[in-house]
$ cat coords_9.txt   # compact mmCIF, C-alpha atoms
# COMPACT_ATOMS: atom_id res chain seq x y z
CA MET M 1 201.12 42.04 60.36
CA MET M 2 204.15 43.06 58.32
CA ALA M 3 206.09 43.69 61.50
CA MET M 4 205.18 40.26 62.83
CA LYS M 5 206.15 38.56 59.57
CA LYS M 6 209.45 40.38 59.61
CA MET M 7 209.98 39.31 63.22
CA GLN M 8 209.40 35.67 62.29
CA GLU M 9 211.74 35.83 59.34
CA GLN M 10 214.53 37.37 61.39
CA GLY M 11 214.03 35.05 64.32
CA PRO M 12 212.89 36.08 67.74
CA SER M 13 214.32 39.20 69.33
CA GLU M 14 216.01 39.12 72.71
CA ILE M 15 213.00 40.80 74.32
CA GLU M 16 210.59 38.36 72.68
CA LEU M 17 212.57 35.46 74.11
CA LEU M 18 212.27 36.89 77.60
CA LEU M 19 208.48 37.24 77.54
CA PRO M 20 207.73 33.86 79.20
CA TRP M 21 209.95 34.72 82.16
CA HIS M 22 208.31 38.10 82.40
CA ALA M 23 204.92 36.37 82.59
CA ALA M 24 206.25 34.14 85.37
CA GLY M 25 207.79 37.10 87.19
CA THR M 26 211.26 35.58 87.29
CA LEU M 27 213.22 38.24 85.40
CA ASN M 28 215.64 40.48 87.24
CA ALA M 29 214.61 44.13 87.62
CA ARG M 30 216.71 45.32 84.70
CA ASP M 31 215.33 42.82 82.19
CA ALA M 32 211.80 43.23 83.51
CA GLY M 33 212.11 46.98 82.89
CA ARG M 34 213.38 46.38 79.34
CA VAL M 35 210.45 44.08 78.61
CA GLU M 36 207.93 46.52 80.10
CA ASP M 37 209.29 49.33 77.93
CA ALA M 38 209.12 47.16 74.81
CA LEU M 39 205.58 46.01 75.58
CA ALA M 40 204.43 49.59 76.03
CA GLY M 41 205.61 50.53 72.55
CA ASP M 42 204.92 47.38 70.53
CA PRO M 43 201.31 46.14 70.15
CA GLU M 44 202.41 42.93 68.40
CA LEU M 45 204.68 42.09 71.29
CA ALA M 46 201.88 42.91 73.73
CA ARG M 47 199.56 40.54 71.86
CA GLN M 48 202.14 37.79 72.02
CA PHE M 49 202.52 38.47 75.73
CA ALA M 50 198.77 38.00 76.21
CA VAL M 51 199.06 34.62 74.47
CA ILE M 52 201.94 33.71 76.78
CA GLN M 53 199.88 34.60 79.82
CA ASP M 54 197.24 32.12 78.64
CA GLU M 55 199.94 29.46 78.24
CA TYR M 56 201.27 30.30 81.68
CA ALA M 57 197.84 29.89 83.30
CA ALA M 58 197.13 26.68 81.39
CA THR M 59 200.47 25.16 82.39
CA ILE M 60 199.81 25.90 86.05
CA GLY M 61 196.29 24.48 85.74
CA LEU M 62 197.62 21.36 84.06
CA ASN M 63 200.27 20.74 86.71
CA GLU M 64 197.91 21.44 89.58
CA SER M 65 195.49 18.89 88.14
CA LEU M 66 198.13 16.16 88.47
CA GLY M 67 197.43 15.65 92.15
CA ALA M 68 199.96 14.47 94.69
CA PRO M 69 201.81 11.25 95.36
CA SER M 70 200.39 8.71 97.79
CA SER M 71 201.89 8.13 101.22
CA ARG M 72 203.50 5.02 99.75
CA ALA M 73 206.28 7.19 98.30
CA MET M 74 207.16 8.65 101.68
CA GLN M 75 206.98 5.27 103.37
CA LYS M 76 209.28 3.81 100.75
CA LEU M 77 211.71 6.68 101.19
CA PHE M 78 211.97 6.38 104.96
CA ASP M 79 212.19 2.59 104.79
CA ALA M 80 215.13 3.08 102.47
CA ILE M 81 216.66 5.66 104.81
CA ASP M 82 216.32 3.18 107.67
CA ARG M 83 218.40 0.74 105.67
CA GLU M 84 221.12 3.33 105.05
CA PRO M 85 224.30 3.19 107.14
CA SER M 86 223.80 5.17 110.32
CA ARG M 87 225.44 8.56 110.64
CA ALA M 88 226.31 10.82 113.50
CA ALA M 89 222.64 11.57 113.94
CA PRO M 90 221.45 12.67 117.34
CA ALA M 91 218.58 10.18 117.14
CA SER M 92 220.91 7.23 116.72
CA PHE M 93 223.59 8.47 119.01
CA GLY M 94 225.02 5.90 121.32
CA PHE M 95 228.25 5.44 123.15
CA GLY M 96 229.66 3.09 120.56
CA ALA M 97 228.61 5.35 117.71
CA ARG M 98 230.16 8.32 119.42
CA ILE M 99 233.51 6.63 119.91
CA SER M 100 233.60 5.18 116.42
CA THR M 101 232.73 8.54 114.91
CA LEU M 102 235.39 10.37 116.84
CA LEU M 103 238.06 7.83 116.15
CA ALA M 104 237.13 7.41 112.52
CA SER M 105 237.75 11.08 111.98
CA LEU M 106 241.29 10.68 113.25
CA SER M 107 242.58 7.73 111.29
CA PRO M 108 240.28 5.78 109.00
CA ARG M 109 242.98 3.31 108.07
CA THR M 110 243.19 2.21 111.66
CA LEU M 111 239.61 1.01 111.44
CA ALA M 112 240.90 -2.00 109.56
CA TRP M 113 242.76 -3.17 112.65
CA SER M 114 241.30 -5.60 115.06
CA ALA M 115 238.82 -3.96 117.38
CA GLY M 116 240.76 -4.22 120.63
CA LEU M 117 244.16 -3.38 119.25
CA GLY M 118 242.72 -0.63 117.08
CA ALA M 119 240.92 1.00 119.98
CA LEU M 120 244.05 0.97 122.11
CA ALA M 121 246.17 2.40 119.33
CA LEU M 122 243.71 5.15 118.62
CA MET M 123 243.45 6.05 122.26
CA ALA M 124 247.18 6.46 122.34
CA GLN M 125 246.97 8.54 119.20
CA ALA M 126 244.39 10.85 120.62
CA GLY M 127 245.12 11.76 124.17
CA VAL M 128 242.11 14.01 124.41
CA ILE M 129 239.73 11.26 123.44
CA GLY M 130 241.48 8.91 125.76
CA ALA M 131 240.83 11.35 128.55
CA VAL M 132 237.17 11.34 127.70
CA LEU M 133 237.11 7.58 127.85
CA MET M 134 238.86 7.52 131.19
CA ARG M 135 236.01 9.47 132.66
CA GLN M 136 233.46 6.89 131.70
CA PRO M 137 232.17 4.52 134.36
CA ALA M 138 234.07 1.29 134.70
CA SER M 139 231.25 -0.60 133.01
CA PHE M 140 232.33 0.85 129.64
CA GLN M 141 235.85 -0.48 129.84
CA THR M 142 235.08 -3.88 128.46
CA ALA M 143 232.53 -4.93 125.97
CA SER M 144 231.56 -7.94 128.04
CA LEU M 145 230.02 -5.80 130.74
CA SER M 146 226.60 -4.34 130.40
CA MET M 147 226.54 -0.65 129.70
CA ASN M 148 223.45 -0.52 131.87
CA ALA M 149 225.14 -1.91 134.89
CA PRO M 150 226.96 0.91 136.64
CA SER M 151 229.44 0.19 139.37
CA SER M 152 228.17 0.23 142.91
CA SER M 153 229.89 3.51 143.66
CA ALA M 154 227.96 5.14 140.87
CA GLN M 155 224.53 3.94 141.90
CA ALA M 156 223.77 7.05 143.86
CA ALA M 157 225.05 9.40 141.17
CA PRO M 158 222.34 11.60 139.65
CA ARG M 159 220.84 10.65 136.35
CA ALA M 160 218.76 12.57 133.84
CA LEU M 161 216.80 11.88 130.71
CA VAL M 162 217.99 14.20 127.98
CA ARG M 163 216.78 14.89 124.48
CA PHE M 164 219.34 16.61 122.30
CA ALA M 165 218.35 19.24 119.75
CA PRO M 166 218.22 17.83 116.19
CA GLU M 167 220.99 20.16 115.05
CA ALA M 168 223.34 19.01 117.83
CA ARG M 169 226.59 17.65 116.47
CA VAL M 170 228.52 14.76 117.91
CA THR M 171 231.32 17.09 118.87
CA ASP M 172 228.84 19.35 120.70
CA ILE M 173 227.45 16.41 122.63
CA THR M 174 230.90 15.13 123.44
CA ALA M 175 231.86 18.56 124.75
CA LEU M 176 228.71 18.70 126.85
CA LEU M 177 229.39 15.28 128.35
CA ASP M 178 232.88 16.41 129.11
CA THR M 179 231.74 19.63 130.74
CA TYR M 180 229.26 17.87 132.97
CA HIS M 181 231.46 14.85 133.68
CA ALA M 182 228.61 12.85 132.29
CA SER M 183 228.27 9.61 130.43
CA ILE M 184 225.47 8.12 128.39
CA ILE M 185 224.28 5.00 130.14
CA ASP M 186 221.22 4.26 128.05
CA GLY M 187 219.51 5.46 124.92
CA ALA M 188 218.02 6.43 122.71
CA LYS M 189 214.49 5.47 123.66
CA ALA M 190 211.91 7.78 122.15
CA GLY M 191 214.79 10.12 121.45
CA LEU M 192 215.78 10.30 125.13
CA PHE M 193 219.21 9.41 126.46
CA GLN M 194 219.90 8.53 130.05
CA LEU M 195 222.89 10.40 131.34
CA GLN M 196 224.78 9.83 134.57
CA PHE M 197 226.66 12.71 136.15
CA GLY M 198 229.89 11.86 137.89
CA ASP M 199 230.03 9.00 140.36
CA LYS M 200 228.93 10.65 143.58
CA ALA M 201 225.56 11.45 145.05
CA MET M 202 224.30 15.04 145.01
CA THR M 203 221.82 16.90 147.15
CA LYS M 204 218.38 17.52 145.74
CA ASP M 205 219.19 21.20 145.27
CA ASP M 206 222.38 20.39 143.41
CA VAL M 207 220.50 18.03 141.11
CA THR M 208 217.84 20.68 140.45
CA ALA M 209 220.54 23.22 139.65
CA LEU M 210 222.26 20.71 137.38
CA ILE M 211 219.06 20.01 135.45
CA ASN M 212 218.35 23.73 135.15
CA ARG M 213 221.83 24.30 133.75
CA LEU M 214 221.35 21.48 131.28
CA GLN M 215 218.09 22.94 130.08
CA GLN M 216 219.87 26.18 129.29
CA GLU M 217 222.24 24.39 126.93
CA LYS M 218 221.58 25.18 123.27
CA ILE M 219 221.91 21.58 122.17
CA VAL M 220 219.53 20.26 124.84
CA SER M 221 215.84 20.41 124.06
CA LEU M 222 214.69 18.52 127.16
CA ALA M 223 216.28 17.54 130.44
CA VAL M 224 214.46 15.91 133.35
CA VAL M 225 215.58 13.94 136.38
CA ALA M 226 215.52 10.24 135.56
CA PRO M 227 212.94 8.31 137.55
CA MET U 1 209.99 30.56 96.27
CA SER U 2 210.84 33.20 98.84
CA VAL U 3 214.39 34.02 99.82
CA THR U 4 213.50 32.98 103.37
CA GLN U 5 212.34 29.55 102.27
CA ALA U 6 215.40 29.09 100.08
CA ALA U 7 217.64 29.91 103.05
CA SER U 8 215.59 27.61 105.24
CA ASP U 9 215.99 24.83 102.69
CA ASP U 10 219.74 25.26 102.94
CA VAL U 11 219.53 24.85 106.71
CA LEU U 12 217.46 21.70 106.27
CA ILE U 13 220.05 20.26 103.90
CA GLY U 14 222.74 20.99 106.49
CA ARG U 15 220.74 19.09 109.10
CA ILE U 16 220.04 16.23 106.72
CA ALA U 17 223.77 15.95 106.13
CA GLN U 18 224.02 15.31 109.88
CA GLY U 19 221.49 12.51 109.61
CA ASP U 20 218.48 14.46 110.88
CA ARG U 21 215.34 12.58 109.80
CA LEU U 22 213.03 15.32 111.00
CA ALA U 23 214.71 17.79 108.65
CA MET U 24 214.26 15.22 105.89
CA GLN U 25 210.55 15.01 106.62
CA VAL U 26 210.21 18.79 106.49
CA LEU U 27 212.08 19.06 103.21
CA TYR U 28 210.04 16.21 101.77
CA GLY U 29 206.79 17.80 102.88
CA ARG U 30 207.83 21.06 101.32
CA HIS U 31 208.90 19.82 97.91
CA HIS U 32 207.55 16.35 97.19
CA VAL U 33 204.43 17.44 95.32
CA ARG U 34 206.30 19.62 92.85
CA VAL U 35 208.99 17.00 92.41
CA PHE U 36 206.30 14.40 91.80
CA ARG U 37 204.51 16.54 89.24
CA PHE U 38 207.72 17.37 87.40
CA GLY U 39 208.62 13.70 87.28
CA LEU U 40 205.12 12.66 86.30
CA ARG U 41 205.06 15.10 83.39
CA LEU U 42 208.26 13.53 82.15
CA VAL U 43 207.59 9.83 82.69
CA ARG U 44 203.76 9.94 82.40
CA ASP U 45 203.26 7.11 84.84
CA GLU U 46 202.12 7.71 88.41
CA GLN U 47 203.72 4.60 89.87
CA ILE U 48 207.02 5.36 88.24
CA ALA U 49 206.77 9.00 89.30
CA GLU U 50 206.18 7.92 92.91
CA ASP U 51 209.18 5.63 92.75
CA LEU U 52 211.13 8.53 91.30
CA ILE U 53 210.48 10.87 94.19
CA SER U 54 211.55 8.23 96.70
CA GLU U 55 214.78 7.85 94.78
CA VAL U 56 215.27 11.61 94.44
CA PHE U 57 214.91 12.25 98.16
CA LEU U 58 217.04 9.22 98.99
CA ASP U 59 219.75 10.82 96.86
CA VAL U 60 219.28 14.01 98.85
CA TRP U 61 219.73 12.01 102.06
CA ARG U 62 222.93 10.49 100.73
CA GLN U 63 224.36 13.56 99.01
CA ALA U 64 223.30 16.35 101.37
CA GLY U 65 226.83 16.69 102.68
CA LYS U 66 228.05 17.48 99.19
CA PHE U 67 225.46 20.17 98.50
CA GLU U 68 227.37 23.43 98.16
CA GLY U 69 224.43 25.80 98.06
CA ARG U 70 225.41 27.36 94.75
CA SER U 71 221.86 26.87 93.53
CA ALA U 72 218.51 26.73 95.26
CA VAL U 73 217.63 23.40 96.83
CA SER U 74 214.48 23.26 94.67
CA THR U 75 216.67 23.60 91.57
CA TRP U 76 218.89 20.79 92.80
CA LEU U 77 215.86 18.59 93.44
CA LEU U 78 214.48 19.19 89.95
CA ALA U 79 217.87 18.47 88.39
CA ILE U 80 218.06 15.13 90.23
CA THR U 81 214.47 14.36 89.25
CA ARG U 82 215.17 15.12 85.62
CA PHE U 83 218.26 12.93 85.61
CA LYS U 84 216.35 10.01 87.08
CA ALA U 85 213.34 10.52 84.84
CA LEU U 86 215.55 10.51 81.75
CA SER U 87 217.12 7.27 82.92
CA VAL U 88 213.64 5.77 83.09
CA LEU U 89 212.74 7.15 79.67
CA ARG U 90 215.92 5.78 78.17
CA ARG U 91 214.89 2.33 79.27
CA ARG U 92 211.68 2.62 77.31
CA ARG U 93 211.46 2.14 73.59
CA ASP U 94 211.62 5.40 71.65
CA GLY U 95 208.59 4.39 69.63
CA GLU U 96 206.57 4.03 72.77
CA LEU U 97 207.29 7.63 73.65
CA ASP U 98 206.33 8.90 70.22
CA ASP U 99 203.09 6.99 70.44
CA GLU U 100 202.38 8.55 73.80
CA ALA U 101 202.92 12.03 72.48
CA ALA U 102 200.75 11.31 69.48
CA ASN U 103 198.01 9.83 71.60
CA ALA U 104 197.96 12.90 73.75
CA ILE U 105 196.95 15.05 70.79
CA GLU U 106 195.07 12.49 68.76
CA ASP U 107 191.97 13.98 67.25
CA THR U 108 188.88 12.60 68.90
CA SER U 109 186.48 14.89 67.09
CA ASP U 110 183.90 12.11 66.66
CA ASN U 111 183.29 12.25 70.36
CA PRO U 112 180.73 15.03 71.07
CA GLU U 113 182.00 15.46 74.58
CA VAL U 114 185.52 16.13 73.38
CA ALA U 115 184.19 18.39 70.66
CA THR U 116 182.59 20.49 73.35
CA GLN U 117 185.81 20.53 75.30
CA LYS U 118 187.64 21.80 72.28
CA LYS U 119 185.61 24.96 72.52
CA ASP U 120 187.13 25.52 75.86
CA THR U 121 190.38 27.28 75.12
CA SER U 122 192.13 26.40 78.34
CA GLU U 123 191.20 22.73 78.04
CA THR U 124 192.56 22.64 74.50
CA LEU U 125 195.67 24.41 75.68
CA ARG U 126 196.19 21.82 78.38
CA ARG U 127 195.68 18.98 75.95
CA CYS U 128 198.18 20.44 73.53
CA LEU U 129 200.67 21.17 76.31
CA SER U 130 200.52 17.47 77.09
CA GLY U 131 201.20 16.75 73.44
CA LEU U 132 204.54 18.52 73.40
CA SER U 133 207.71 16.45 73.25
CA PRO U 134 209.35 15.64 76.62
CA GLU U 135 212.08 18.16 75.82
CA HIS U 136 209.54 20.91 75.23
CA ARG U 137 207.27 19.86 78.09
CA GLU U 138 210.03 20.08 80.64
CA ILE U 139 211.13 23.56 79.64
CA VAL U 140 207.56 24.87 79.62
CA ASP U 141 206.95 23.36 83.06
CA LEU U 142 210.20 24.62 84.51
CA VAL U 143 209.56 28.19 83.41
CA TYR U 144 205.82 28.50 83.94
CA TYR U 145 205.02 26.11 86.77
CA HIS U 146 208.27 25.78 88.67
CA GLU U 147 209.07 29.46 88.06
CA LYS U 148 212.69 28.86 87.30
CA SER U 149 214.87 31.62 85.89
CA VAL U 150 216.84 31.29 82.66
CA GLU U 151 219.95 30.50 84.68
CA GLU U 152 218.23 27.88 86.81
CA VAL U 153 216.68 26.13 83.81
CA ALA U 154 220.11 26.09 82.17
CA GLU U 155 221.49 24.39 85.28
CA ILE U 156 218.70 21.84 85.55
CA VAL U 157 218.64 20.90 81.88
CA GLY U 158 222.37 21.29 81.35
CA ILE U 159 222.25 23.59 78.34
CA PRO U 160 223.48 27.17 77.70
CA GLU U 161 221.22 30.03 78.73
CA ASN U 162 220.66 31.17 75.14
CA THR U 163 219.57 27.66 74.23
CA VAL U 164 217.10 27.74 77.11
CA LYS U 165 215.51 30.88 75.66
CA THR U 166 215.32 29.61 72.11
CA ARG U 167 214.14 26.15 73.17
CA LEU U 168 211.20 27.65 74.99
CA PHE U 169 210.47 29.86 72.00
CA TYR U 170 210.31 26.84 69.71
CA ALA U 171 208.32 24.88 72.29
CA ARG U 172 205.78 27.69 72.14
CA LYS U 173 205.79 27.65 68.36
CA LYS U 174 205.16 23.91 68.42
CA LEU U 175 202.35 24.48 70.87
CA ALA U 176 200.85 27.05 68.50
CA GLU U 177 200.99 24.47 65.69
CA LEU U 178 199.24 21.87 67.84
CA LEU U 179 196.60 24.41 68.82
CA LYS U 180 196.06 25.37 65.21
CA ALA U 181 195.65 21.69 64.28
CA ALA U 182 193.12 21.44 67.10
CA GLY U 183 191.21 24.37 65.61
CA LEU U 184 192.41 27.06 67.94
CA GLU U 185 193.98 30.17 66.41
CA ARG U 186 195.45 32.60 68.89
CA GLY U 187 196.97 35.23 66.64
CA TRP U 188 200.52 34.09 67.29
CA PRO U 189 202.76 33.34 65.56
$ encode --input "coords_9.txt" --output "structure tokens"
Amino acid sequence: MMAMKKMQEQGPSEIELLLPWHAAGTLNARDAGRVEDALAGDPELARQFAVIQDEYAATIGLNESLGAPSSRAMQKLFDAIDREPSRAAPASFGFGARISTLLASLSPRTLAWSAGLGALALMAQAGVIGAVLMRQPASFQTASLSMNAPSSSAQAAPRALVRFAPEARVTDITALLDTYHASIIDGAKAGLFQLQFGDKAMTKDDVTALINRLQQEKIVSLAVVAP
Amino acid sequence: MSVTQAASDDVLIGRIAQGDRLAMQVLYGRHHVRVFRFGLRLVRDEQIAEDLISEVFLDVWRQAGKFEGRSAVSTWLLAITRFKALSVLRRRRDGELDDEAANAIEDTSDNPEVATQKKDTSETLRRCLSGLSPEHREIVDLVYYHEKSVEEVAEIVGIPENTVKTRLFYARKKLAELLKAAGLERGWP
């Protein structure tokens, strides 16, 4: 009792202050060892530790009794996320988004320009991106044409439905499109994008090989021949 | 929380920064209950606590790209929750809070049912834990329930590590006083 009174008068010791964390098991090995040694040689400290263990259990019991939030909270969150400006997310990836993302990373100030003039200027600024654009079917060249209306020469070109892996970045997808001479002609519906490969017809075997290659790509989680 | 889960949380945050909703759902599923309970213990209102978690995770969605991984994601979440909960509390009248704390420990000894409950040590402990001030409640919860280290609590609450230790010590002393007033002597202090 005298020891405890003295402890209270002098204020808590360093070891005494660490007891709650020892009860929770969140001390590092060195401090845990110091506390264990002190507990072994100090009955008053050990009694206080027993009290702390009761507090620890009661706090957990109290918190666990609080239940969980309703599904309303999650619904509210994802409604709010839906209202957020879109990002370079695979799920919302479209041709326009891809171009705007790529170009925005080059020169944000240019975004203030008029759309047509700005696009032309940026294409001149980034030859690589321009090259990517030049490989797109003619239907992408003007906004007035439907992106779903490929030119007649491209009608026989193979198409596939592709789902990209969630971790796929825009730059990865752009590189993949480049590698396969592909363009996105529709999407995303149920997370699937319709891709067209080149502008010439392929044999059935070539298409099968192409799809197999696609499926091996790390950023592709699904690839099937488009119906 | 395991090291594996902490690392996995970091990966989720990276994916959320890319706009990955699925990663957001996983992170939400993993942490929303603890975030809710931490918020609820601070604001003491389920509706407000539910609104809080939506706001906390929306902040995560918006700020994921800025997360540097210097602390655990769970620590970051609790720090955001605390900040938002305090904003809510600030909007309330101080007197209202004091009344709440007092009500939580108000003696209801005339009620036989409660008198019986008082004999139950853990029930009394819980009641008195609820009667602590918000400042003391949060530190007790962070250490015991959320299993945060001294360093992590210091980061969440924004106080020096030594203050974390002494604040919890005095929270425990206050708890002992409340327990004593409720007729429960534990031999400490």
$ closest_residue --input "coords_9.txt" --among "M:Pro227, M:Gly11, M:Gly33, M:Pro69" --to "chain U" --atoms "only C-alpha atoms"
M:Pro69
$ residues_around --input "coords_9.txt" --residues "Ile80 in chain U" --least-positions-apart "4" --cutoff "7 Å" --atoms "only C-alpha atoms" --output "tab-separated table (two decimals) with C-alpha atoms, keeping the file's coordinate frame"
chain	number	residue	atom	x	y	z
U	56	VAL	CA	215.27	11.61	94.44
U	76	TRP	CA	218.89	20.79	92.80
U	84	LYS	CA	216.35	10.01	87.08
$ atom_distance --input "coords_9.txt" --atom1 "CA of Ser8 in chain U" --atom2 "CA of Asp141 in chain U"
24.2 Å
$ residues_around --input "coords_9.txt" --residues "range 184-187 of chain U" --least-positions-apart "6" --cutoff "10 Å" --atoms "all atoms listed in the file" --output "ChimeraX atom specification"
/M:44,47-48,50-51,54 /U:118-121,124-125,176-178
$ interface_residues --input "coords_9.txt" --of "chain M" --to "chain U" --cutoff "7 Å" --atoms "only C-alpha atoms" --output "list in words"
Leu17, Trp21, Ala24, Thr26, Leu27, Gln48, Val51, Tyr56, Ala58, Thr59, Ile60, Leu62, Asn63, Leu66, Ala68, Pro69, Ala73, Met74, Lys76, Leu77, Ile81, Arg87, Ala88, Ala89, Pro166 and Glu167 of chain M
$ residues_around --input "coords_9.txt" --residues "Glu16 in chain M" --least-positions-apart "3" --cutoff "9 Å" --atoms "all atoms listed in the file" --output "PDB file with C-alpha atoms, in the frame of the given file"
ATOM      1  CA  PRO M  12     212.890  36.080  67.740  1.00  0.00           C
ATOM      2  CA  SER M  13     214.320  39.200  69.330  1.00  0.00           C
ATOM      3  CA  LEU M  19     208.480  37.240  77.540  1.00  0.00           C
ATOM      4  CA  PRO M  20     207.730  33.860  79.200  1.00  0.00           C
ATOM      5  CA  VAL M  35     210.450  44.080  78.610  1.00  0.00           C
ATOM      6  CA  LEU M  45     204.680  42.090  71.290  1.00  0.00           C
ATOM      7  CA  GLN M  48     202.140  37.790  72.020  1.00  0.00           C
ATOM      8  CA  PHE M  49     202.520  38.470  75.730  1.00  0.00           C
TER       9      PHE M  49
ATOM     10  CA  PHE U 169     210.470  29.860  72.000  1.00  0.00           C
TER      11      PHE U 169
END
$ closest_residue --input "coords_9.txt" --among "U:Val88, U:Leu132, U:Ala181, U:Val60" --to "Ser74 in chain U" --atoms "only C-alpha atoms"
U:Val60
$ atom_distance --input "coords_9.txt" --atom1 "CA of Gln63 in chain U" --atom2 "CA of Glu161 in chain U"
26.3 Å
$ atom_distance --input "coords_9.txt" --atom1 "CA of Ala168 in chain M" --atom2 "CA of Arg30 in chain U"
22.7 Å
$ closest_residue --input "coords_9.txt" --among "M:Leu214, M:Ala23, M:Ala57, M:Ala29" --to "Tyr180 in chain M" --atoms "all atoms listed in the file"
M:Leu214
$ closest_residue --input "coords_9.txt" --among "U:Ile48, U:Cys128, U:Val26, U:Ile139" --to "Ile13 in chain U" --atoms "all atoms listed in the file"
U:Val26
